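So this block is input_35.cif, mmCIF, C-alpha atoms:
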data_query
loop_
_atom_site.label_atom_id
_atom_site.label_comp_id
_atom_site.auth_asym_id
_atom_site.auth_seq_id
_atom_site.Cartn_x
_atom_site.Cartn_y
_atom_site.Cartn_z
CA MET P 1 42.43 14.07 -50.30
CA ILE P 2 40.31 12.42 -52.98
CA LEU P 3 37.66 9.94 -51.94
CA LYS P 4 35.80 7.51 -54.14
CA SER P 5 32.13 8.28 -54.54
CA GLY P 6 31.28 5.30 -52.45
CA GLY P 7 33.57 6.55 -49.69
CA ILE P 8 32.07 10.02 -49.86
CA ALA P 9 28.57 8.57 -49.61
CA ALA P 10 29.58 6.45 -46.68
CA ALA P 11 31.17 9.41 -44.93
CA ILE P 12 28.07 11.53 -45.47
CA ALA P 13 25.86 8.72 -44.20
CA LEU P 14 28.07 8.26 -41.17
CA ALA P 15 27.95 11.98 -40.44
CA PHE P 16 24.17 12.00 -40.58
CA LEU P 17 23.98 8.89 -38.38
CA SER P 18 26.32 10.41 -35.82
CA ALA P 19 24.38 13.67 -35.80
CA ALA P 20 21.17 11.77 -35.18
CA SER P 21 22.52 9.37 -32.57
CA VAL P 22 24.44 11.78 -30.35
CA PRO P 23 21.39 13.80 -29.27
CA ALA P 24 19.47 10.56 -28.62
CA MET P 25 22.30 9.18 -26.48
CA ALA P 26 22.62 12.48 -24.69
CA GLN P 27 18.87 12.49 -24.03
CA ASP P 28 19.00 8.95 -22.60
CA SER P 29 21.84 9.93 -20.28
CA ALA P 30 20.02 13.09 -19.23
CA GLU P 31 16.91 11.06 -18.35
CA ALA P 32 19.05 8.72 -16.27
CA ALA P 33 20.77 11.48 -14.29
CA CYS P 34 19.79 12.08 -10.68
CA GLY P 35 19.93 15.85 -11.02
CA THR P 36 20.88 16.75 -7.46
CA ASP P 37 23.95 16.43 -5.25
CA ARG P 38 21.78 16.43 -2.14
CA THR P 39 21.12 13.19 -0.32
CA ILE P 40 17.63 11.98 -1.11
CA ASP P 41 16.41 10.62 2.20
CA ILE P 42 13.45 8.25 1.95
CA ALA P 43 11.11 7.60 4.87
CA GLU P 44 10.82 3.95 5.88
CA MET P 45 7.50 3.87 7.70
CA THR P 46 6.68 1.36 10.41
CA TRP P 47 4.27 -0.83 8.42
CA PRO P 48 5.44 -3.52 5.95
CA SER P 49 4.18 -2.12 2.65
CA ALA P 50 5.67 1.35 3.18
CA ALA P 51 8.94 -0.13 4.42
CA ALA P 52 9.28 -2.38 1.37
CA LEU P 53 8.47 0.49 -1.00
CA ALA P 54 11.15 2.64 0.62
CA HIS P 55 13.80 0.01 -0.13
CA ILE P 56 12.53 -0.59 -3.68
CA HIS P 57 12.79 3.10 -4.54
CA ALA P 58 16.12 3.53 -2.76
CA LYS P 59 17.66 0.75 -4.83
CA ILE P 60 16.35 2.13 -8.11
CA LEU P 61 17.43 5.70 -7.35
CA GLU P 62 20.89 4.67 -6.19
CA ALA P 63 21.74 1.98 -8.74
CA GLY P 64 19.74 3.35 -11.66
CA PHE P 65 19.89 7.12 -11.37
CA GLY P 66 23.15 7.40 -9.42
CA CYS P 67 21.57 9.33 -6.56
CA ASP P 68 22.99 9.59 -3.09
CA VAL P 69 20.24 7.90 -1.07
CA ALA P 70 19.56 7.36 2.62
CA ILE P 71 16.72 5.45 4.24
CA VAL P 72 15.46 7.05 7.44
CA THR P 73 12.96 5.83 10.03
CA GLY P 74 9.59 7.49 9.69
CA ASP P 75 5.95 7.52 10.69
CA THR P 76 3.04 9.53 9.33
CA VAL P 77 2.88 12.47 11.74
CA PRO P 78 6.59 13.08 12.47
CA THR P 79 7.58 12.47 8.84
CA THR P 80 5.04 15.00 7.60
CA SER P 81 6.06 17.59 10.19
CA SER P 82 9.75 17.21 9.35
CA MET P 83 9.12 17.32 5.60
CA VAL P 84 7.08 20.51 5.99
CA THR P 85 9.51 22.35 8.27
CA ARG P 86 12.91 21.00 7.20
CA GLY P 87 12.44 19.59 3.70
CA SER P 88 13.57 16.23 5.06
CA PRO P 89 12.92 13.43 4.42
CA ALA P 90 12.76 14.18 0.73
CA VAL P 91 10.24 11.44 -0.02
CA ALA P 92 7.57 9.48 1.84
CA PRO P 93 6.70 6.66 -0.58
CA GLU P 94 3.45 5.67 1.16
CA LEU P 95 2.01 8.64 3.02
CA TRP P 96 -1.52 8.26 4.35
CA THR P 97 -2.55 11.91 4.32
CA SER P 98 -5.95 11.39 5.97
CA THR P 99 -4.36 11.45 9.42
CA VAL P 100 -2.49 14.71 8.74
CA GLN P 101 -4.92 16.27 6.27
CA ASP P 102 -5.00 19.83 7.60
CA GLN P 103 -1.22 20.09 7.93
CA TRP P 104 -0.65 18.52 4.52
CA ASP P 105 -3.17 20.76 2.76
CA ALA P 106 -1.65 23.87 4.34
CA ALA P 107 1.87 22.80 3.33
CA LEU P 108 0.69 22.15 -0.23
CA ALA P 109 -0.82 25.61 -0.40
CA ASP P 110 2.42 27.11 0.93
CA GLY P 111 4.50 25.22 -1.64
CA ALA P 112 6.55 23.36 1.00
CA VAL P 113 5.55 19.89 -0.18
CA THR P 114 4.18 18.22 -3.28
CA LYS P 115 2.28 15.12 -4.26
CA LEU P 116 4.33 13.21 -6.84
CA GLY P 117 1.84 10.42 -7.46
CA GLU P 118 -0.40 7.75 -6.01
CA ALA P 119 1.35 5.09 -3.93
CA ILE P 120 -1.71 2.82 -3.97
CA THR P 121 -3.62 3.46 -7.17
CA ASP P 122 -6.92 1.95 -6.06
CA GLY P 123 -6.73 3.24 -2.49
CA THR P 124 -6.39 1.43 0.78
CA ILE P 125 -9.07 -1.07 1.76
CA GLU P 126 -10.69 -1.74 5.11
CA GLY P 127 -13.71 -3.83 5.97
CA TRP P 128 -15.18 -7.24 6.76
CA PHE P 129 -14.04 -10.26 4.77
CA ILE P 130 -14.96 -13.91 4.27
CA PRO P 131 -13.11 -16.69 2.39
CA ARG P 132 -14.07 -17.14 -1.23
CA TYR P 133 -14.85 -20.80 -0.59
CA THR P 134 -17.40 -19.69 2.03
CA GLN P 135 -19.05 -17.32 -0.41
CA GLU P 136 -19.15 -20.03 -3.08
CA ALA P 137 -20.90 -22.32 -0.58
CA HIS P 138 -23.23 -19.50 0.48
CA PRO P 139 -23.64 -17.20 -2.55
CA GLU P 140 -26.28 -15.18 -0.73
CA ILE P 141 -23.60 -13.72 1.58
CA VAL P 142 -22.32 -10.68 -0.30
CA SER P 143 -22.72 -7.87 2.23
CA ALA P 144 -22.40 -7.12 5.92
CA GLU P 145 -26.18 -7.41 6.27
CA THR P 146 -26.39 -10.82 4.62
CA ALA P 147 -23.49 -12.11 6.73
CA ILE P 148 -25.16 -10.83 9.90
CA ALA P 149 -28.35 -12.65 8.89
CA ASN P 150 -26.43 -15.96 8.80
CA PRO P 151 -24.64 -16.37 12.15
CA ALA P 152 -24.84 -20.16 11.89
CA VAL P 153 -22.43 -20.07 8.95
CA PHE P 154 -19.74 -18.55 11.20
CA PRO P 155 -20.23 -20.32 14.56
CA ASP P 156 -18.39 -19.10 17.62
CA PRO P 157 -16.36 -22.10 18.86
CA GLU P 158 -17.06 -21.06 22.46
CA ASP P 159 -20.80 -20.54 21.95
CA THR P 160 -22.10 -22.22 18.81
CA SER P 161 -25.51 -20.64 19.26
CA LYS P 162 -23.92 -17.40 18.04
CA GLY P 163 -21.76 -16.32 15.14
CA ARG P 164 -18.28 -14.89 15.66
CA LEU P 165 -16.90 -11.70 14.14
CA TYR P 166 -13.14 -11.36 14.54
CA SER P 167 -12.50 -7.72 15.43
CA CYS P 168 -9.60 -5.36 14.99
CA PRO P 169 -6.75 -5.75 17.54
CA PRO P 170 -7.28 -3.86 20.82
CA GLY P 171 -5.97 -0.33 21.02
CA TRP P 172 -6.11 0.26 17.26
CA GLY P 173 -8.42 2.90 15.80
CA CYS P 174 -10.25 0.24 13.81
CA GLU P 175 -11.31 -1.44 17.07
CA LEU P 176 -13.52 1.56 17.82
CA ALA P 177 -15.00 1.52 14.31
CA THR P 178 -15.70 -2.23 14.35
CA THR P 179 -17.23 -2.15 17.84
CA ALA P 180 -19.45 0.75 16.79
CA LEU P 181 -20.68 -1.17 13.76
CA PHE P 182 -21.36 -4.23 15.91
CA ASP P 183 -23.56 -2.02 18.08
CA ALA P 184 -25.18 -0.18 15.17
CA TYR P 185 -26.16 -3.46 13.52
CA ASP P 186 -27.54 -4.67 16.89
CA MET P 187 -25.61 -7.93 16.64
CA SER P 188 -25.15 -8.82 20.32
CA ASP P 189 -28.07 -11.28 20.56
CA THR P 190 -26.81 -13.54 17.79
CA TRP P 191 -23.11 -12.70 17.46
CA THR P 192 -19.92 -12.51 19.52
CA LEU P 193 -17.47 -9.71 18.82
CA PHE P 194 -14.18 -11.52 19.37
CA SER P 195 -11.02 -9.58 20.22
CA PRO P 196 -7.96 -11.41 18.88
CA GLY P 197 -5.64 -9.78 21.40
CA SER P 198 -3.04 -8.69 18.85
CA GLY P 199 -2.40 -8.31 15.14
CA GLY P 200 -0.37 -11.52 15.16
CA ALA P 201 -3.18 -13.43 16.86
CA LEU P 202 -5.69 -12.14 14.31
CA ASP P 203 -3.41 -13.26 11.48
CA ALA P 204 -3.02 -16.69 13.07
CA SER P 205 -6.79 -17.11 13.40
CA ILE P 206 -7.30 -16.16 9.75
CA ALA P 207 -4.51 -18.45 8.55
CA ARG P 208 -5.85 -21.37 10.59
CA ALA P 209 -9.35 -20.96 9.15
CA PHE P 210 -8.10 -20.78 5.56
CA THR P 211 -5.75 -23.74 6.02
CA ARG P 212 -8.64 -25.85 7.32
CA GLU P 213 -11.10 -24.31 4.84
CA GLU P 214 -13.37 -23.24 7.66
CA PRO P 215 -15.74 -20.26 7.47
CA ILE P 216 -14.60 -17.06 9.15
CA LEU P 217 -15.91 -13.49 9.23
CA PHE P 218 -13.16 -11.04 10.07
CA TYR P 219 -12.13 -7.41 9.99
CA TYR P 220 -9.02 -6.69 7.92
CA TRP P 221 -7.29 -4.05 5.85
CA GLY P 222 -4.98 -3.78 2.87
CA PRO P 223 -2.54 -3.80 1.35
CA THR P 224 -1.26 -6.64 3.54
CA ALA P 225 0.38 -10.04 3.21
CA ILE P 226 -2.77 -11.73 4.53
CA LEU P 227 -4.85 -10.43 1.62
CA GLY P 228 -2.04 -11.34 -0.76
CA LYS P 229 -1.79 -14.88 0.55
CA PHE P 230 -5.44 -15.81 1.01
CA ASP P 231 -8.41 -15.44 -1.34
CA ALA P 232 -10.59 -13.29 0.88
CA VAL P 233 -13.70 -11.53 -0.40
CA PRO P 234 -14.59 -8.06 0.92
CA LEU P 235 -18.23 -7.73 1.89
CA ASP P 236 -20.29 -4.79 0.69
CA MET P 237 -20.38 -2.40 3.65
CA GLY P 238 -22.66 0.12 1.98
CA GLU P 239 -22.08 3.85 1.74
CA THR P 240 -19.20 5.61 3.44
CA LYS P 241 -20.55 8.36 5.71
CA PRO P 242 -17.61 10.45 6.94
CA GLU P 243 -19.52 12.16 9.76
CA VAL P 244 -20.85 8.85 11.07
CA TYR P 245 -17.41 7.25 10.87
CA ALA P 246 -15.86 10.22 12.68
CA CYS P 247 -18.36 9.84 15.52
CA ASN P 248 -17.94 6.04 15.61
CA THR P 249 -14.21 6.44 16.15
CA ASP P 250 -14.42 9.31 18.64
CA PRO P 251 -14.71 8.04 22.24
CA ASP P 252 -16.18 11.40 23.25
CA CYS P 253 -18.98 11.39 20.66
CA THR P 254 -22.37 11.11 22.38
CA GLU P 255 -24.39 10.17 19.28
CA PRO P 256 -25.50 6.54 18.91
CA ALA P 257 -23.25 4.38 16.75
CA GLY P 258 -24.21 4.52 13.08
CA ILE P 259 -23.86 2.29 10.04
CA THR P 260 -21.17 3.29 7.56
CA ALA P 261 -18.52 1.68 5.42
CA TYR P 262 -14.89 2.13 6.42
CA PRO P 263 -13.36 4.95 4.37
CA SER P 264 -10.60 4.31 1.85
CA SER P 265 -7.62 6.41 2.91
CA PRO P 266 -5.53 8.00 0.15
CA ALA P 267 -1.93 6.82 0.12
CA ILE P 268 0.35 9.08 -1.92
CA VAL P 269 3.99 9.60 -2.75
CA GLY P 270 4.63 12.78 -0.79
CA ALA P 271 7.78 14.84 -1.21
CA ALA P 272 9.53 18.00 -0.15
CA ALA P 273 9.07 20.68 -2.82
CA TRP P 274 12.81 20.96 -3.53
CA LEU P 275 12.94 17.47 -5.02
CA SER P 276 10.86 18.41 -8.07
CA GLU P 277 12.92 21.55 -8.58
CA GLU P 278 16.37 19.99 -8.27
CA ALA P 279 15.72 16.44 -9.46
CA PRO P 280 12.95 16.48 -12.07
CA ASN P 281 13.91 13.02 -13.36
CA VAL P 282 13.43 11.60 -9.88
CA ALA P 283 10.12 13.41 -9.49
CA ASP P 284 9.00 12.04 -12.87
CA TYR P 285 10.00 8.55 -11.75
CA PHE P 286 7.86 8.81 -8.62
CA SER P 287 4.88 9.88 -10.70
CA LYS P 288 4.86 6.40 -12.30
CA VAL P 289 5.41 4.07 -9.36
CA GLY P 290 1.82 3.50 -8.22
CA LEU P 291 0.83 -0.07 -7.42
CA THR P 292 -2.56 -1.61 -6.82
CA ASN P 293 -3.66 -3.02 -3.50
CA ALA P 294 -3.33 -6.53 -4.91
CA GLU P 295 0.18 -5.89 -6.27
CA ILE P 296 1.44 -4.57 -2.94
CA SER P 297 -0.22 -7.38 -1.00
CA GLU P 298 1.44 -9.89 -3.34
CA LEU P 299 4.91 -8.43 -2.81
CA LEU P 300 4.42 -8.63 0.96
CA VAL P 301 3.70 -12.37 0.83
CA TYR P 302 7.40 -13.08 0.23
CA GLY P 303 8.40 -11.24 3.38
CA ASP P 304 5.70 -12.95 5.42
CA GLU P 305 6.46 -16.48 4.24
CA ASN P 306 10.25 -16.10 4.42
CA GLN P 307 10.47 -13.91 7.53
CA ALA P 308 12.35 -11.48 5.30
CA ASP P 309 12.97 -7.85 6.22
CA ALA P 310 11.98 -4.90 4.06
CA ALA P 311 15.28 -4.86 2.15
CA ALA P 312 15.05 -8.55 1.23
CA THR P 313 11.38 -8.17 0.29
CA ALA P 314 12.29 -5.25 -1.98
CA GLU P 315 15.10 -7.20 -3.64
CA ASN P 316 12.76 -10.12 -4.33
CA PHE P 317 10.28 -7.72 -5.94
CA LEU P 318 12.99 -6.23 -8.16
CA LYS P 319 14.13 -9.70 -9.22
CA THR P 320 10.69 -11.22 -9.84
CA LYS P 321 8.66 -8.24 -11.07
CA GLU P 322 11.07 -6.78 -13.60
CA ASP P 323 8.31 -6.31 -16.17
CA LEU P 324 6.44 -4.12 -13.70
CA TRP P 325 9.10 -1.81 -12.26
CA SER P 326 11.10 -1.47 -15.49
CA SER P 327 8.13 0.39 -16.98
CA TRP P 328 8.77 3.16 -14.45
CA VAL P 329 12.23 4.05 -15.74
CA PRO P 330 14.23 4.63 -18.94
CA ALA P 331 15.85 1.50 -20.38
CA GLU P 332 19.33 2.67 -19.35
CA VAL P 333 18.21 2.96 -15.73
CA ALA P 334 16.54 -0.46 -15.79
CA GLU P 335 19.74 -2.09 -17.06
CA LYS P 336 21.81 -0.51 -14.28
CA VAL P 337 19.36 -1.71 -11.63
CA LYS P 338 19.31 -5.25 -13.06
CA ALA P 339 23.10 -5.34 -13.11
CA SER P 340 23.19 -4.38 -9.41
CA LEU P 341 20.93 -7.20 -8.23
#
Is it possible to give me this structure as structure tokens?
Amino acid sequence: MILKSGGIAAAIALAFLSAASVPAMAQDSAEAACGTDRTIDIAEMTWPSAAALAHIHAKILEAGFGCDVAIVTGDTVPTTSSMVTRGSPAVAPELWTSTVQDQWDAALADGAVTKLGEAITDGTIEGWFIPRYTQEAHPEIVSAETAIANPAVFPDPEDTSKGRLYSCPPGWGCELATTALFDAYDMSDTWTLFSPGSGGALDASIARAFTREEPILFYYWGPTAILGKFDAVPLDMGETKPEVYACNTDPDCTEPAGITAYPSSPAIVGAAAWLSEEAPNVADYFSKVGLTNAEISELLVYGDENQADAAATAENFLKTKEDLWSSWVPAEVAEKVKASL
């Protein structure tokens, strides 16, 4: 068969184009493959941020990578123990390792688990907060000490001769830490340490103060919907002293309460070791999914304001923060996830 020179040139060009494009297409498909036939079970922890993250990742893995995914109920201690001994769940998308540090470190050394990335890139936050409008009206209040020196700015409605500090809900570990700081700062003569009774009651008190633009000094933590919804300023709590904090939160410690900042707990994406071996694309994905405290708090606002569950909160994030999550995955995966929403 005789071809015109133009036809020959076109054929040669087409051959080169095909040779170049096939490997690229094959590479894209390889990056989008799950890599394992095992079910990837993801721990849905009992707090809102971890629950929402579990559903976000489940949707991306299932719709984008074609993985077989299951969401399982979890909590820090039992999830870690099961991951170490059974390799299940495969992933804990927001694992606070500080409460299981010895077990986690030993499992890392044994090769039973792995850290795939940071869940919260700037760490968790815990401390005393005031509204930004209060700080703008009283620019001298930037630290715990300067707040304590100004009880009249935060009057206790039941005894206006004192200031009021809203404490951590009763029964929580942070109640011990906050009470210890109240004692260490010797606040009892000029302040009331107010117990809100529950997490919901604390939230309601904070929301009421912000809605009315009233001053309030309160303990809180993040990432949370409250810090996503309201412009609260963390006060400088000084240096974190682990030994002092440990004693402050130990009911059996006989040392006097000491002054220390609340520690920032690491929150990681923890996984069973087999996931990296069998599904490297998935492991690579989880290495990129870190969010800041502010970003997680923002995504939780939707759930709080709409009384939405974790699945609905995750879907809203995927629909409204496409520019953010699409940077975690190959373009082919992103298109599949978008098409599924």
Using the chain letters and numbers from the file, give me the residues hit by the PyMOL selection byres ((chain P and resi 295) around 12), as a ChimeraX atom specification.
-> /P:49,53,119-122,222-225,227-229,289-294,296-301,317,321,324-325
Which residues come within 6 Å of range 42-46 of chain P, counting only C-alpha atoms, excluding same-chain residues fewer than 5 positions away, as a list in words?
-> Ala51, Ala54, Ile71, Val72, Thr73, Gly74, Asp75, Pro89, Val91 and Ala92 of chain P
Return as a ChimeraX atom specification the set of residues that the PyMOL selection byres ((chain P and resi 66) around 12) yields on the displayed structure.
-> /P:29-40,58-65,67-69,279,281-282,332-333,336-337,340
Mind telling me what the PyMOL selection byres ((chain P and resi 155) around 12) catches here, as a short mmCIF file (atom, residue, chain, number, x, y, z; two decimals) with C-alpha atoms, in the frame of the given file?
data_model
loop_
_atom_site.label_atom_id
_atom_site.label_comp_id
_atom_site.auth_asym_id
_atom_site.auth_seq_id
_atom_site.Cartn_x
_atom_site.Cartn_y
_atom_site.Cartn_z
CA ALA P 147 -23.49 -12.11 6.73
CA ILE P 148 -25.16 -10.83 9.90
CA ASN P 150 -26.43 -15.96 8.80
CA PRO P 151 -24.64 -16.37 12.15
CA ALA P 152 -24.84 -20.16 11.89
CA VAL P 153 -22.43 -20.07 8.95
CA PHE P 154 -19.74 -18.55 11.20
CA ASP P 156 -18.39 -19.10 17.62
CA PRO P 157 -16.36 -22.10 18.86
CA GLU P 158 -17.06 -21.06 22.46
CA ASP P 159 -20.80 -20.54 21.95
CA THR P 160 -22.10 -22.22 18.81
CA SER P 161 -25.51 -20.64 19.26
CA LYS P 162 -23.92 -17.40 18.04
CA GLY P 163 -21.76 -16.32 15.14
CA ARG P 164 -18.28 -14.89 15.66
CA LEU P 165 -16.90 -11.70 14.14
CA TYR P 166 -13.14 -11.36 14.54
CA THR P 190 -26.81 -13.54 17.79
CA TRP P 191 -23.11 -12.70 17.46
CA THR P 192 -19.92 -12.51 19.52
CA LEU P 193 -17.47 -9.71 18.82
CA PHE P 194 -14.18 -11.52 19.37
CA GLU P 214 -13.37 -23.24 7.66
CA PRO P 215 -15.74 -20.26 7.47
CA ILE P 216 -14.60 -17.06 9.15
CA LEU P 217 -15.91 -13.49 9.23
#
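Here CA of Ala144 in chain P and CA of Leu235 in chain P stand 5.8 Å from one another.
As for CA of Ser143 in chain P and CA of Gly238 in chain P, they are spaced 8.0 Å apart.
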Around all the atoms of range 258-269 of chain P listed in the file, with 8 Å of room on each side, what axis-aligned box do you get, giving centre and edge lengths in Å to one decimal, as AutoDock Vina command-line options?
--center_x -10.1 --center_y 5.6 --center_z 5.2 --size_x 44.2 --size_y 23.9 --size_z 31.8
One-decimal distance in Å that lies between CA of Ala232 in chain P and CA of Gly197 in chain P | 21.4 Å
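Among the candidate residues P:Glu213, P:Asp189, P:Glu239, P:Glu278, the one lying nearest to Ile259 in chain P is P:Glu239, with distances computed using only C-alpha atoms.
With all atoms listed in the file as the basis for measurement, P:Ala107 is the residue among P:Ala180, P:Ala107, P:Ser276, P:Leu341 that approaches Met83 in chain P most closely.
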Can you tell me, as a ChimeraX atom specification, what residues are no more than 7 Å from Asn248 in chain P when counting all atoms listed in the file, ignoring any on the same chain fewer than 5 positions away?
-> /P:176-177,180,257-258
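Taking only C-alpha atoms into account, Gly117 in chain P lies nearest to P:Ile268 out of the set P:Ala334, P:Val329, P:Ile268, P:Cys253.
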For range 84-93 of chain P, where the input has fewer atoms than it should, I would like all heavy atoms rebuilt and written as a tab-separated table (two decimals), in the coordinates of the input.
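Result written to result-v2.tsv:
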chain	number	residue	atom	x	y	z
P	84	VAL	N	7.63	19.16	6.13
P	84	VAL	CA	7.08	20.51	5.99
P	84	VAL	C	8.06	21.57	6.49
P	84	VAL	O	8.27	22.61	5.85
P	84	VAL	CB	5.74	20.61	6.75
P	84	VAL	CG1	5.28	22.07	6.84
P	84	VAL	CG2	4.68	19.77	6.06
P	85	THR	N	8.68	21.32	7.63
P	85	THR	CA	9.51	22.35	8.27
P	85	THR	C	10.97	22.32	7.84
P	85	THR	O	11.63	23.36	7.81
P	85	THR	CB	9.45	22.21	9.81
P	85	THR	OG1	9.90	20.89	10.17
P	85	THR	CG2	8.03	22.41	10.31
P	86	ARG	N	11.49	21.13	7.48
P	86	ARG	CA	12.91	21.00	7.20
P	86	ARG	C	13.22	20.53	5.78
P	86	ARG	O	14.38	20.50	5.37
P	86	ARG	CB	13.55	20.02	8.19
P	86	ARG	CG	13.45	20.46	9.65
P	86	ARG	CD	13.94	19.38	10.62
P	86	ARG	NE	15.27	18.92	10.26
P	86	ARG	CZ	15.59	17.67	9.90
P	86	ARG	NH1	14.65	16.75	9.84
P	86	ARG	NH2	16.83	17.35	9.59
P	87	GLY	N	12.20	20.13	5.03
P	87	GLY	CA	12.44	19.59	3.70
P	87	GLY	C	13.09	18.21	3.73
P	87	GLY	O	13.67	17.76	2.75
P	88	SER	N	12.98	17.54	4.87
P	88	SER	CA	13.57	16.23	5.06
P	88	SER	C	12.67	15.39	5.96
P	88	SER	O	12.19	15.89	6.98
P	88	SER	CB	14.96	16.37	5.69
P	88	SER	OG	15.52	15.11	5.99
P	89	PRO	N	12.40	14.15	5.58
P	89	PRO	CA	12.92	13.43	4.42
P	89	PRO	C	12.40	14.00	3.10
P	89	PRO	O	11.38	14.68	3.07
P	89	PRO	CB	12.40	12.00	4.64
P	89	PRO	CG	11.17	12.16	5.47
P	89	PRO	CD	11.46	13.32	6.38
P	90	ALA	N	13.13	13.68	2.05
P	90	ALA	CA	12.76	14.18	0.73
P	90	ALA	C	11.50	13.51	0.21
P	90	ALA	O	10.70	14.13	-0.49
P	90	ALA	CB	13.91	13.98	-0.24
P	91	VAL	N	11.35	12.22	0.53
P	91	VAL	CA	10.24	11.44	-0.02
P	91	VAL	C	9.63	10.54	1.06
P	91	VAL	O	10.35	9.93	1.85
P	91	VAL	CB	10.71	10.54	-1.19
P	91	VAL	CG1	9.52	9.79	-1.80
P	91	VAL	CG2	11.42	11.34	-2.25
P	92	ALA	N	8.31	10.47	1.06
P	92	ALA	CA	7.57	9.48	1.84
P	92	ALA	C	6.81	8.63	0.83
P	92	ALA	O	5.81	9.09	0.27
P	92	ALA	CB	6.63	10.14	2.82
P	93	PRO	N	7.27	7.42	0.54
P	93	PRO	CA	6.70	6.66	-0.58
P	93	PRO	C	5.32	6.07	-0.35
P	93	PRO	O	4.69	5.62	-1.29
P	93	PRO	CB	7.72	5.55	-0.81
P	93	PRO	CG	8.45	5.41	0.47
P	93	PRO	CD	8.44	6.76	1.11
